[in-house]
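Source file protein_34.csv; content: CSV, N, CA and C atoms.
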```csv
chain,number,residue,atom,x,y,z
X,1,MET,N,21.5,166.9,115.8
X,1,MET,CA,22.0,165.6,116.4
X,1,MET,C,21.9,164.6,115.3
X,2,GLU,N,22.9,163.8,115.1
X,2,GLU,CA,23.0,162.8,114.1
X,2,GLU,C,22.2,161.5,114.5
X,3,LYS,N,21.4,161.0,113.6
X,3,LYS,CA,20.7,159.7,113.9
X,3,LYS,C,21.6,158.5,113.8
X,4,SER,N,21.5,157.7,114.8
X,4,SER,CA,22.4,156.5,114.9
X,4,SER,C,21.9,155.5,113.8
X,5,VAL,N,22.9,154.9,113.1
X,5,VAL,CA,22.6,153.9,112.0
X,5,VAL,C,23.0,152.6,112.6
X,6,LEU,N,22.0,151.7,112.6
X,6,LEU,CA,22.3,150.3,113.1
X,6,LEU,C,23.0,149.5,112.0
X,7,THR,N,24.1,148.9,112.3
X,7,THR,CA,24.8,148.0,111.4
X,7,THR,C,24.7,146.6,112.0
X,8,GLY,N,25.2,145.6,111.2
X,8,GLY,CA,25.1,144.2,111.6
X,8,GLY,C,23.8,143.6,111.1
X,9,HIS,N,23.6,142.4,111.6
X,9,HIS,CA,22.4,141.6,111.1
X,9,HIS,C,21.1,142.2,111.7
X,10,PRO,N,20.1,142.5,110.8
X,10,PRO,CA,18.8,143.0,111.3
X,10,PRO,C,18.1,142.2,112.3
X,11,ARG,N,18.2,140.9,112.2
X,11,ARG,CA,17.6,140.0,113.2
X,11,ARG,C,18.2,140.2,114.6
X,12,PHE,N,19.5,140.4,114.7
X,12,PHE,CA,20.2,140.7,115.9
X,12,PHE,C,19.5,141.9,116.6
X,13,HIS,N,19.2,142.9,115.9
X,13,HIS,CA,18.6,144.1,116.5
X,13,HIS,C,17.1,143.8,116.9
X,14,GLU,N,16.4,143.0,116.1
X,14,GLU,CA,15.1,142.6,116.5
X,14,GLU,C,15.1,141.8,117.8
X,15,LEU,N,16.0,140.8,117.9
X,15,LEU,CA,16.1,140.0,119.2
X,15,LEU,C,16.5,140.9,120.3
X,16,THR,N,17.4,141.9,120.1
X,16,THR,CA,17.8,142.8,121.2
X,16,THR,C,16.6,143.6,121.7
X,17,LYS,N,15.8,144.1,120.8
X,17,LYS,CA,14.6,144.8,121.1
X,17,LYS,C,13.6,143.9,121.9
X,18,GLU,N,13.4,142.7,121.5
X,18,GLU,CA,12.5,141.8,122.2
X,18,GLU,C,13.0,141.6,123.6
X,19,GLU,N,14.3,141.4,123.8
X,19,GLU,CA,14.9,141.2,125.1
X,19,GLU,C,14.7,142.4,126.0
X,20,SER,N,14.9,143.6,125.4
X,20,SER,CA,14.7,144.9,126.1
X,20,SER,C,13.3,145.0,126.5
X,21,ASP,N,12.4,144.7,125.7
X,21,ASP,CA,10.9,144.8,126.0
X,21,ASP,C,10.6,143.8,127.2
X,22,LEU,N,11.1,142.6,127.1
X,22,LEU,CA,10.9,141.6,128.1
X,22,LEU,C,11.5,142.1,129.4
X,23,HIS,N,12.7,142.6,129.4
X,23,HIS,CA,13.3,143.1,130.6
X,23,HIS,C,12.5,144.2,131.2
X,24,ASN,N,12.0,145.1,130.4
X,24,ASN,CA,11.1,146.2,130.9
X,24,ASN,C,9.9,145.6,131.6
X,25,ARG,N,9.2,144.7,131.0
X,25,ARG,CA,8.0,144.1,131.6
X,25,ARG,C,8.3,143.4,132.9
X,26,LYS,N,9.3,142.5,132.8
X,26,LYS,CA,9.7,141.8,134.0
X,26,LYS,C,10.2,142.7,135.1
X,27,ASN,N,10.9,143.7,134.8
X,27,ASN,CA,11.4,144.6,135.8
X,27,ASN,C,10.3,145.4,136.5
X,28,THR,N,9.3,145.7,135.7
X,28,THR,CA,8.1,146.3,136.3
X,28,THR,C,7.5,145.4,137.3
X,29,ASP,N,7.4,144.1,137.0
X,29,ASP,CA,6.9,143.1,138.0
X,29,ASP,C,7.8,142.9,139.2
X,30,TYR,N,9.1,142.9,139.0
X,30,TYR,CA,10.0,142.6,140.1
X,30,TYR,C,10.4,143.8,140.9
X,31,ALA,N,10.3,145.0,140.3
X,31,ALA,CA,10.8,146.2,141.0
X,31,ALA,C,9.7,147.3,141.1
X,32,GLY,N,8.7,147.3,140.2
X,32,GLY,CA,7.6,148.2,140.3
X,32,GLY,C,8.1,149.7,140.4
X,33,GLY,N,9.1,150.0,139.6
X,33,GLY,CA,9.6,151.4,139.6
X,33,GLY,C,10.6,151.7,140.7
X,34,GLY,N,10.9,150.7,141.5
X,34,GLY,CA,11.9,150.8,142.6
X,34,GLY,C,13.2,150.4,142.0
X,35,ASN,N,14.1,149.9,142.9
X,35,ASN,CA,15.4,149.5,142.5
X,35,ASN,C,15.3,148.4,141.5
X,36,PRO,N,15.9,148.5,140.3
X,36,PRO,CA,15.8,147.5,139.3
X,36,PRO,C,16.5,146.2,139.6
X,37,LEU,N,17.4,146.2,140.7
X,37,LEU,CA,18.0,145.0,141.1
X,37,LEU,C,17.5,144.5,142.5
X,38,GLY,N,16.4,145.1,142.9
X,38,GLY,CA,15.8,144.8,144.2
X,38,GLY,C,15.5,143.4,144.5
X,39,ASN,N,15.0,142.6,143.5
X,39,ASN,CA,14.7,141.2,143.7
X,39,ASN,C,15.9,140.4,144.0
X,40,PHE,N,17.1,140.7,143.3
X,40,PHE,CA,18.3,140.0,143.6
X,40,PHE,C,18.8,140.3,145.0
X,41,GLN,N,18.7,141.6,145.4
X,41,GLN,CA,19.1,142.0,146.7
X,41,GLN,C,18.2,141.4,147.8
X,42,ARG,N,16.9,141.3,147.6
X,42,ARG,CA,16.0,140.8,148.6
X,42,ARG,C,16.3,139.3,148.8
X,43,VAL,N,16.5,138.5,147.7
X,43,VAL,CA,16.7,137.1,147.8
X,43,VAL,C,18.1,136.8,148.4
X,44,ALA,N,19.1,137.7,148.1
X,44,ALA,CA,20.4,137.5,148.7
X,44,ALA,C,20.3,137.7,150.2
X,45,ARG,N,19.5,138.7,150.7
X,45,ARG,CA,19.4,138.9,152.1
X,45,ARG,C,18.7,137.7,152.8
X,46,LEU,N,17.7,137.1,152.0
X,46,LEU,CA,17.1,135.9,152.6
X,46,LEU,C,18.1,134.7,152.8
X,47,LEU,N,19.1,134.7,151.9
X,47,LEU,CA,20.0,133.6,152.0
X,47,LEU,C,21.2,133.8,153.0
X,48,GLU,N,21.3,135.0,153.5
X,48,GLU,CA,22.4,135.3,154.4
X,48,GLU,C,22.6,134.3,155.6
X,49,PRO,N,21.5,133.9,156.2
X,49,PRO,CA,21.7,133.0,157.4
X,49,PRO,C,22.2,131.6,157.0
X,50,TYR,N,22.2,131.2,155.7
X,50,TYR,CA,22.5,129.9,155.3
X,50,TYR,C,23.9,129.8,154.7
X,51,LYS,N,24.9,130.3,155.4
X,51,LYS,CA,26.3,130.4,154.9
X,51,LYS,C,26.9,129.0,154.5
X,52,GLY,N,26.4,127.9,155.1
X,52,GLY,CA,26.9,126.6,154.9
X,52,GLY,C,26.4,125.9,153.7
X,53,LEU,N,25.4,126.5,153.0
X,53,LEU,CA,24.8,125.9,151.8
X,53,LEU,C,25.8,125.8,150.6
X,54,ASP,N,25.8,124.7,149.9
X,54,ASP,CA,26.5,124.5,148.7
X,54,ASP,C,25.7,125.0,147.6
X,55,LEU,N,25.9,126.2,147.1
X,55,LEU,CA,25.0,126.8,146.1
X,55,LEU,C,25.2,126.1,144.7
X,56,GLY,N,26.1,125.2,144.6
X,56,GLY,CA,26.3,124.4,143.4
X,56,GLY,C,25.4,123.1,143.3
X,57,LYS,N,24.7,122.8,144.4
X,57,LYS,CA,23.9,121.6,144.4
X,57,LYS,C,22.5,122.0,143.7
X,58,PRO,N,22.0,121.1,142.9
X,58,PRO,CA,20.8,121.3,142.2
X,58,PRO,C,19.6,121.6,143.1
X,59,ILE,N,19.5,120.8,144.3
X,59,ILE,CA,18.4,121.1,145.2
X,59,ILE,C,18.4,122.5,145.8
X,60,VAL,N,19.6,123.0,146.0
X,60,VAL,CA,19.7,124.4,146.5
X,60,VAL,C,19.3,125.4,145.5
X,61,VAL,N,19.7,125.1,144.2
X,61,VAL,CA,19.3,126.0,143.1
X,61,VAL,C,17.8,126.0,143.0
X,62,ALA,N,17.1,124.8,143.1
X,62,ALA,CA,15.7,124.8,143.0
X,62,ALA,C,15.0,125.6,144.2
X,63,MET,N,15.6,125.5,145.3
X,63,MET,CA,15.1,126.2,146.5
X,63,MET,C,15.3,127.7,146.3
X,64,VAL,N,16.4,128.1,145.7
X,64,VAL,CA,16.7,129.6,145.5
X,64,VAL,C,15.6,130.0,144.4
X,65,TYR,N,15.4,129.2,143.4
X,65,TYR,CA,14.3,129.6,142.5
X,65,TYR,C,13.0,129.8,143.2
X,66,MET,N,12.7,128.9,144.1
X,66,MET,CA,11.4,129.1,144.9
X,66,MET,C,11.4,130.4,145.6
X,67,LEU,N,12.6,130.8,146.2
X,67,LEU,CA,12.6,132.1,146.9
X,67,LEU,C,12.4,133.2,145.9
X,68,LYS,N,13.0,133.1,144.7
X,68,LYS,CA,12.8,134.1,143.7
X,68,LYS,C,11.3,134.3,143.4
X,69,GLN,N,10.6,133.2,143.2
X,69,GLN,CA,9.2,133.3,142.9
X,69,GLN,C,8.4,133.8,144.1
X,70,LEU,N,8.7,133.4,145.3
X,70,LEU,CA,8.1,133.8,146.5
X,70,LEU,C,8.3,135.3,146.7
X,71,ASP,N,9.5,135.8,146.5
X,71,ASP,CA,9.8,137.2,146.5
X,71,ASP,C,8.9,138.0,145.5
X,72,ALA,N,8.9,137.5,144.3
X,72,ALA,CA,8.1,138.2,143.2
X,72,ALA,C,6.6,138.2,143.6
X,73,ALA,N,6.1,137.1,144.1
X,73,ALA,CA,4.6,137.1,144.5
X,73,ALA,C,4.4,138.1,145.7
X,74,LEU,N,5.3,138.1,146.7
X,74,LEU,CA,5.1,139.0,147.8
X,74,LEU,C,5.3,140.4,147.4
X,75,TRP,N,6.2,140.7,146.5
X,75,TRP,CA,6.4,142.1,146.0
X,75,TRP,C,5.1,142.5,145.2
X,76,LEU,N,4.6,141.7,144.3
X,76,LEU,CA,3.4,142.1,143.6
X,76,LEU,C,2.3,142.4,144.6
X,77,MET,N,2.1,141.5,145.6
X,77,MET,CA,1.0,141.7,146.6
X,77,MET,C,1.2,143.0,147.4
X,78,SER,N,2.5,143.2,147.8
X,78,SER,CA,2.8,144.4,148.6
X,78,SER,C,2.5,145.7,147.8
X,79,GLN,N,2.7,145.6,146.5
X,79,GLN,CA,2.5,146.8,145.6
X,79,GLN,C,1.0,146.8,145.1
X,80,ASN,N,0.2,145.8,145.5
X,80,ASN,CA,-1.2,145.7,145.0
X,80,ASN,C,-1.2,145.7,143.4
X,81,ARG,N,-0.4,144.9,142.9
X,81,ARG,CA,-0.3,144.8,141.4
X,81,ARG,C,-0.6,143.4,141.0
X,82,ALA,N,-1.1,143.3,139.7
X,82,ALA,CA,-1.4,142.0,139.2
X,82,ALA,C,-0.2,141.3,138.5
X,83,GLY,N,0.7,142.1,138.0
X,83,GLY,CA,1.9,141.5,137.3
X,83,GLY,C,1.6,141.6,135.8
X,84,GLY,N,2.7,142.1,135.1
X,84,GLY,CA,2.5,142.2,133.7
X,84,GLY,C,2.9,141.0,132.9
X,85,VAL,N,3.9,140.2,133.4
X,85,VAL,CA,4.3,139.0,132.7
X,85,VAL,C,3.7,137.8,133.3
X,86,GLU,N,3.9,137.6,134.6
X,86,GLU,CA,3.3,136.6,135.4
X,86,GLU,C,2.7,137.2,136.7
X,87,GLY,N,1.6,136.7,137.1
X,87,GLY,CA,0.9,137.2,138.3
X,87,GLY,C,1.2,136.3,139.5
X,88,VAL,N,0.6,136.6,140.6
X,88,VAL,CA,0.7,135.8,141.8
X,88,VAL,C,0.4,134.4,141.6
X,89,PRO,N,-0.8,134.1,141.0
X,89,PRO,CA,-1.1,132.6,140.8
X,89,PRO,C,-0.1,131.8,140.1
X,90,GLU,N,0.5,132.4,139.0
X,90,GLU,CA,1.5,131.7,138.2
X,90,GLU,C,2.8,131.5,139.1
X,91,ARG,N,3.1,132.5,139.8
X,91,ARG,CA,4.3,132.4,140.7
X,91,ARG,C,4.1,131.4,141.8
X,92,LEU,N,3.0,131.3,142.3
X,92,LEU,CA,2.7,130.3,143.4
X,92,LEU,C,2.7,128.9,142.7
X,93,GLY,N,2.3,128.8,141.5
X,93,GLY,CA,2.4,127.5,140.8
X,93,GLY,C,3.8,127.1,140.5
X,94,ASP,N,4.6,128.1,140.2
X,94,ASP,CA,6.1,127.8,140.0
X,94,ASP,C,6.7,127.3,141.3
X,95,ILE,N,6.3,128.0,142.4
X,95,ILE,CA,6.8,127.5,143.8
X,95,ILE,C,6.5,126.1,144.0
X,96,GLY,N,5.2,125.7,143.7
X,96,GLY,CA,4.8,124.3,143.8
X,96,GLY,C,5.6,123.3,143.0
X,97,VAL,N,5.9,123.7,141.7
X,97,VAL,CA,6.7,122.9,140.9
X,97,VAL,C,8.1,122.7,141.4
X,98,TYR,N,8.8,123.9,141.8
X,98,TYR,CA,10.1,123.8,142.3
X,98,TYR,C,10.1,123.0,143.6
X,99,ALA,N,9.1,123.1,144.5
X,99,ALA,CA,9.1,122.4,145.7
X,99,ALA,C,9.0,120.9,145.5
X,100,LYS,N,8.2,120.4,144.5
X,100,LYS,CA,8.2,119.0,144.2
X,100,LYS,C,9.5,118.5,143.6
X,101,LEU,N,10.1,119.3,142.7
X,101,LEU,CA,11.4,118.9,142.2
X,101,LEU,C,12.5,118.8,143.3
X,102,ALA,N,12.5,119.8,144.2
X,102,ALA,CA,13.4,119.7,145.3
X,102,ALA,C,13.2,118.5,146.2
X,103,ARG,N,11.9,118.2,146.4
X,103,ARG,CA,11.6,117.0,147.2
X,103,ARG,C,12.1,115.7,146.5
X,104,ILE,N,11.9,115.6,145.2
X,104,ILE,CA,12.4,114.5,144.5
X,104,ILE,C,13.9,114.4,144.6
X,105,MET,N,14.6,115.5,144.5
X,105,MET,CA,16.1,115.5,144.6
X,105,MET,C,16.5,115.1,146.0
X,106,TYR,N,15.8,115.6,147.0
X,106,TYR,CA,16.1,115.2,148.4
X,106,TYR,C,15.9,113.7,148.6
X,107,GLU,N,14.7,113.2,148.2
X,107,GLU,CA,14.4,111.8,148.3
X,107,GLU,C,15.4,110.9,147.6
X,108,GLU,N,15.8,111.3,146.4
X,108,GLU,CA,16.8,110.5,145.7
X,108,GLU,C,18.1,110.6,146.3
X,109,ALA,N,18.5,111.7,146.9
X,109,ALA,CA,19.8,111.8,147.5
X,109,ALA,C,19.9,111.0,148.8
X,110,ASN,N,18.7,110.8,149.4
X,110,ASN,CA,18.7,110.1,150.7
X,110,ASN,C,18.2,108.6,150.6
X,111,ALA,N,17.9,108.2,149.4
X,111,ALA,CA,17.5,106.8,149.2
X,111,ALA,C,18.7,105.9,149.4
X,112,LYS,N,18.5,104.8,150.1
X,112,LYS,CA,19.5,103.8,150.5
X,112,LYS,C,20.1,103.1,149.2
X,113,ASP,N,19.2,102.9,148.3
X,113,ASP,CA,19.6,102.1,147.1
X,113,ASP,C,20.0,102.9,145.9
X,114,LYS,N,20.1,104.2,146.1
X,114,LYS,CA,20.4,105.1,144.9
X,114,LYS,C,21.6,106.0,145.2
X,115,GLU,N,22.3,106.4,144.1
X,115,GLU,CA,23.4,107.3,144.2
X,115,GLU,C,22.8,108.7,144.6
X,116,PRO,N,23.4,109.5,145.4
X,116,PRO,CA,23.0,110.8,145.7
X,116,PRO,C,23.2,111.7,144.5
X,117,ILE,N,22.3,112.7,144.3
X,117,ILE,CA,22.5,113.7,143.3
X,117,ILE,C,23.5,114.7,143.8
X,118,GLU,N,24.5,115.0,143.1
X,118,GLU,CA,25.5,116.0,143.4
X,118,GLU,C,25.2,117.3,142.8
```

Translate the structure of the given file into structure tokens.
Amino acid sequence: MEKSVLTGHPRFHELTKEESDLHNRKNTDYAGGGNPLGNFQRVARLLEPYKGLDLGKPIVVAMVYMLKQLDAALWLMSQNRAGGVEGVPERLGDIGVYAKLARIMYEEANAKDKEPIE
């Protein structure tokens, strides 16, 4: 079998390997050997009842990010795993950050003297 020769810029291949390694570590956290797209599917199912949401609004994006982190924390806990890239404590911290940012966006959008955030 012939060995593949890499062409192009060497740094491109280094960056690609770094991304592949990161993907592997994160996928272990999000899927734990199961469906590699499971986190996207679980969060999508969580959003199904909210058909009227405008997914283009920043506050909704922040709340979806919160769901992503909540799903990751619950998945790690359900698998009794600490997490290779981020653990449950870091993910709970992210949820807190996103919640505060969403609250700020909500308050600013509903302030009488301010323009709503679109």

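Minimum atom-to-atom distances from X:Leu92, X:Ile59, X:Val64, X:Leu46 to Tyr106 of chain X were compared using all atoms listed in the file, and the lowest value belongs to X:Ile59.
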
Task: Distance of atom CA of Gly93 of chain X from atom CA of Trp75 of chain X, expressed in Å to one decimal place - done: 16.0 Å

Task: Among listed residues X:Gln69, X:Met77, X:Pro89, X:Pro58, nearest Arg103 of chain X (using only C-alpha atoms) - done: X:Pro58

Task: Residue set, segment 29-87 of chain X restricted to helix (DSSP H, G or I), as an MDAnalysis selection string - done: chainID X and resid 29:31 38:47 58:78

Task: Spatial neighbours of Glu86 of chain X, max dist 9 Å, only C-alpha atoms, sep filter under 4 positions, as a list in words - done: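 Within the cut-off, the hits are Lys26, Asp29, Ala82, Glu90 and Arg91 of chain X.
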
Open item on the list: Can you measure atom C of Arg42 of chain X to atom N of Glu19 of chain X for me? One decimal in Å is fine.
Closed with: 25.2 Å

Task: Atomic separation - atom C of Asp54 of chain X relative to atom CA of Tyr98 of chain X, Å - done: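 Atom C of Asp54 of chain X lies 16.5 Å from atom CA of Tyr98 of chain X.
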
TODO: Could you check which of X:Ala73, X:Lys100, X:Lys51, X:Arg11 is closest to Val88 of chain X, using only N, CA and C atoms?
DONE: X:Ala73

TODO: Find the residues near Phe40 of chain X: any atom within 8 Å, counting all atoms listed in the file, skip ones fewer than 5 places away on the same chain, and give them as a list in words.
DONE: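 Answer for this query is Tyr30, Arg45, Leu46 and Lys68 of chain X.
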